[in-house]
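Down below is the structure, laid out as structure tokens.
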Amino acid sequence: MGTTHLLGLLLGTEEDWSGAFEALLRRADLDISDGGDRHRFASERITIEPFNLRAQPRYALVIDRLAHWYFVPREWLKKIALMDDVYLLNNPFTFQSMEKHAAYCAMMRLGLKVPDTWLIPHKEPPENERFPYTAARYNRPFDLEEIAATIGYPLYMKPFDGGAWVGVSRIDRSETLRQRYNESGQRLMHLQAEVENFDVFVRTLSIGAETMVMHFEPGRPLHDRYAVDHDFLSPAAGTEVVTIGRTVNAFFRWEFNSCETLVRGDDVHPIDYANACPDISLISLHYYFPWAISALLRWSVFCAATARRMRVDLDLRRWFEIGDSERSYGEKLAEYRRLSDDYFSVDAYAEFCERHLGHVHEVVVDYVRSPEFDRLLVDTVTGAFPPHEHERFVPHYRGLLAAWADDQR
Ligand SMILES: Nc1ncnc2c1ncn2[C@@H]1O[C@H](COP(=O)(O)OP(=O)(O)O)[C@@H](O)[C@H]1O
Ligand SMILES: [Mg+2]
């Protein structure tokens, strides 16, 4: 007897991480006795279809990779969160309403070192018959170059809700500013001060209570952006980037998110941290891919087995009380870390993993060394690169994944 928890995967075009997740769940063959109950787990790819708002979903938890652009499943996610207490990675409510802009505002209020940022009205206004009248009455003329001069060059122009580098440009003089603004059309843009001459670009990926800190090289091609690098930050900066990533996540209830920070000297500047459908492809994560998939498995299993409640509501006041206080930056960070570790049940999670998921690591290493994983790797790499590059990239990825497996011994 006991419960079989069904983990739903809401997928778009991704086959790599989902295939690996399914293989790991099968191989781990979990059978957990906790609190007098027996827990088993299965996963299923969710299909899109009409739904009755009163229908009972079969899922205990859903990992969503689709709802940010496809609104049928997005509305289904809201229904199953509000009506059925299904656990979601991620919270679609904040994901929809809190875009990059809101995340900047929130983290500025918490006192993080977000570069100065301005929101600029659209180049091409919304198509609405009321606009001409409204604009004539209320829109103030503004001098774009004056704003840029206030911020100082070089600066970045980027969409207020951006993602995937679309529409991002670095601007070092007024002619380019004017040109980029004209090109921005109907996209609402920010201007943001550049963090110049930073020492290191750090990208953290958080999955529930786990955070991986990675050295990122944004200028390199996609397959080469994550460097396999271990001691590239001082311990203090390492703790700080983890705290910042977790703070964002606990604040917005995002449990699967990446956070980009630029470290210059002792200062850590967060620049992009509203990525609640983060890139976890084998092609970009390579060495870190096994960690990401196994963290997804561990966190999903923990949430389902312990009946962790999905939190739709935010308790912003608790954060703002700290942010608005007279505490020093370091004291605020320590408080945020306490709140976020508490939100993510960091200690209970560690204990659960140790007690029930101790064998998973070995399962992952065996899987990564298996012909089954090699087929997934080859399919993924040959699907991602043109034929003439297969000969180069298949061994390249095999080497990185073998290095990961060797490092685990
Ligand atoms: N304020 C900044 N200072 C320095 N570099 C920046 C800044 N903002 C953006 N960039 C650069 O531009 C890239 C894309 O900007 P980002 O805000 O991350 O947008 P996206 O959401 O599209 O990833 C970053 O990865 C970084 O290399
Ligand atoms: Mg980014």
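Ligands are numbered from 1 in the order shown, chains are lettered A, B, ... in the order of the structure tokens, and residues start at 1 in each chain.
Near ligand 2, the residues found within 10 Å are Gly162, Gly163, Ala164, Trp165, Val166, Val168, Arg203, Pro218, Ser258, Cys259, Glu260, Thr261, Ile271, Asp272, Tyr273, Ala274, Asn275 and Pro278 of chain A (criterion computed using only C-alpha atoms and all ligand atoms).
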Output file for the selection above: C-alpha atoms, as a PDB file, in the first residue's frame:
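Wrote out18.pdb, looks like this:
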```
ATOM      1  CA  GLY A 162      13.709  40.286 -21.176  1.00  0.00           C
ATOM      2  CA  GLY A 163      15.105  36.851 -21.629  1.00  0.00           C
ATOM      3  CA  ALA A 164      17.522  34.963 -23.863  1.00  0.00           C
ATOM      4  CA  TRP A 165      19.429  38.117 -24.859  1.00  0.00           C
ATOM      5  CA  VAL A 166      16.705  39.202 -27.229  1.00  0.00           C
ATOM      6  CA  VAL A 168      19.791  43.530 -25.495  1.00  0.00           C
ATOM      7  CA  ARG A 203      25.473  32.300 -12.890  1.00  0.00           C
ATOM      8  CA  PRO A 218      28.566  35.226 -21.789  1.00  0.00           C
ATOM      9  CA  SER A 258      18.816  31.181 -12.487  1.00  0.00           C
ATOM     10  CA  CYS A 259      20.487  34.338 -11.261  1.00  0.00           C
ATOM     11  CA  GLU A 260      23.245  36.285 -12.962  1.00  0.00           C
ATOM     12  CA  THR A 261      25.614  38.394 -10.915  1.00  0.00           C
ATOM     13  CA  ILE A 271      21.769  41.965 -13.219  1.00  0.00           C
ATOM     14  CA  ASP A 272      19.368  39.241 -14.359  1.00  0.00           C
ATOM     15  CA  TYR A 273      17.416  37.022 -12.010  1.00  0.00           C
ATOM     16  CA  ALA A 274      13.887  36.623 -13.275  1.00  0.00           C
ATOM     17  CA  ASN A 275      14.502  33.493 -15.339  1.00  0.00           C
ATOM     18  CA  PRO A 278      15.976  28.584 -16.829  1.00  0.00           C
TER      19      PRO A 278
END
```
Report task. Could you give me, as a ChimeraX atom specification, the residues within 9 Å of stretch 53-56 of chain A, counting only C-alpha atoms and dropping anything in the same chain fewer than 3 positions from it? Result -> /A:59,76,79-80,83-84
Report task. Between A:Met108, A:Val86, A:Leu10, A:Leu222, single out the one closest to A:Arg65, counting only C-alpha atoms. Result ->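 Closest candidate: A:Leu10.
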Requested in this report: May I have all residues of stretch 313-376 of chain A that DSSP, computed from the backbone, assigns to alpha helix (DSSP H), given as a PyMOL selection string?
Outcome: chain A and resi 316-323+329-343+346-356+360-368+371-376
Taking only C-alpha atoms into account, produce a table as JSON lines in which each residue of stretch 71-132 of chain A with an atom at most 12 Å from an atom of stretch 296-318 of chain A appears once, together with its shortest atom pair and the distance in Å to one decimal, ordered by chain and rising number.
```
{"residue": "A:Leu77", "atom": "CA", "partner": "A:Val312", "partner_atom": "CA", "distance": 11.7}
{"residue": "A:Lys78", "atom": "CA", "partner": "A:Val312", "partner_atom": "CA", "distance": 9.6}
{"residue": "A:Lys79", "atom": "CA", "partner": "A:Val312", "partner_atom": "CA", "distance": 11.8}
{"residue": "A:Ile80", "atom": "CA", "partner": "A:Met310", "partner_atom": "CA", "distance": 10.8}
{"residue": "A:Ala81", "atom": "CA", "partner": "A:Met310", "partner_atom": "CA", "distance": 7.6}
{"residue": "A:Leu82", "atom": "CA", "partner": "A:Val312", "partner_atom": "CA", "distance": 8.1}
{"residue": "A:Met83", "atom": "CA", "partner": "A:Val312", "partner_atom": "CA", "distance": 11.5}
{"residue": "A:Asp84", "atom": "CA", "partner": "A:Met310", "partner_atom": "CA", "distance": 10.4}
{"residue": "A:Asp85", "atom": "CA", "partner": "A:Met310", "partner_atom": "CA", "distance": 6.7}
{"residue": "A:Val86", "atom": "CA", "partner": "A:Met310", "partner_atom": "CA", "distance": 7.1}
{"residue": "A:Tyr87", "atom": "CA", "partner": "A:Met310", "partner_atom": "CA", "distance": 5.0}
{"residue": "A:Leu88", "atom": "CA", "partner": "A:Met310", "partner_atom": "CA", "distance": 6.7}
{"residue": "A:Leu89", "atom": "CA", "partner": "A:Ser300", "partner_atom": "CA", "distance": 8.8}
{"residue": "A:Asn90", "atom": "CA", "partner": "A:Met310", "partner_atom": "CA", "distance": 9.5}
{"residue": "A:Asn91", "atom": "CA", "partner": "A:Val312", "partner_atom": "CA", "distance": 6.7}
{"residue": "A:Pro92", "atom": "CA", "partner": "A:Val312", "partner_atom": "CA", "distance": 8.8}
{"residue": "A:Phe93", "atom": "CA", "partner": "A:Val312", "partner_atom": "CA", "distance": 7.3}
{"residue": "A:Thr94", "atom": "CA", "partner": "A:Val312", "partner_atom": "CA", "distance": 8.3}
{"residue": "A:Phe95", "atom": "CA", "partner": "A:Val312", "partner_atom": "CA", "distance": 11.0}
{"residue": "A:Met98", "atom": "CA", "partner": "A:Leu314", "partner_atom": "CA", "distance": 11.8}
{"residue": "A:Ala106", "atom": "CA", "partner": "A:Leu316", "partner_atom": "CA", "distance": 9.2}
{"residue": "A:Met107", "atom": "CA", "partner": "A:Leu316", "partner_atom": "CA", "distance": 11.3}
{"residue": "A:Arg109", "atom": "CA", "partner": "A:Leu316", "partner_atom": "CA", "distance": 10.9}
{"residue": "A:Leu110", "atom": "CA", "partner": "A:Leu316", "partner_atom": "CA", "distance": 10.3}
```
Query raised in the report: Where in stretch 196-379 of chain A does DSSP assign strand (DSSP E or B), given as an NGL selection string?
Result: :A and (200-207 or 210-216 or 226-227 or 256-264 or 267-275)
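Counting only C-alpha atoms and comparing A:Leu61, A:Met214, A:Ala250, A:Leu24, the residue that lies closest to A:Ser340 is A:Ala250.
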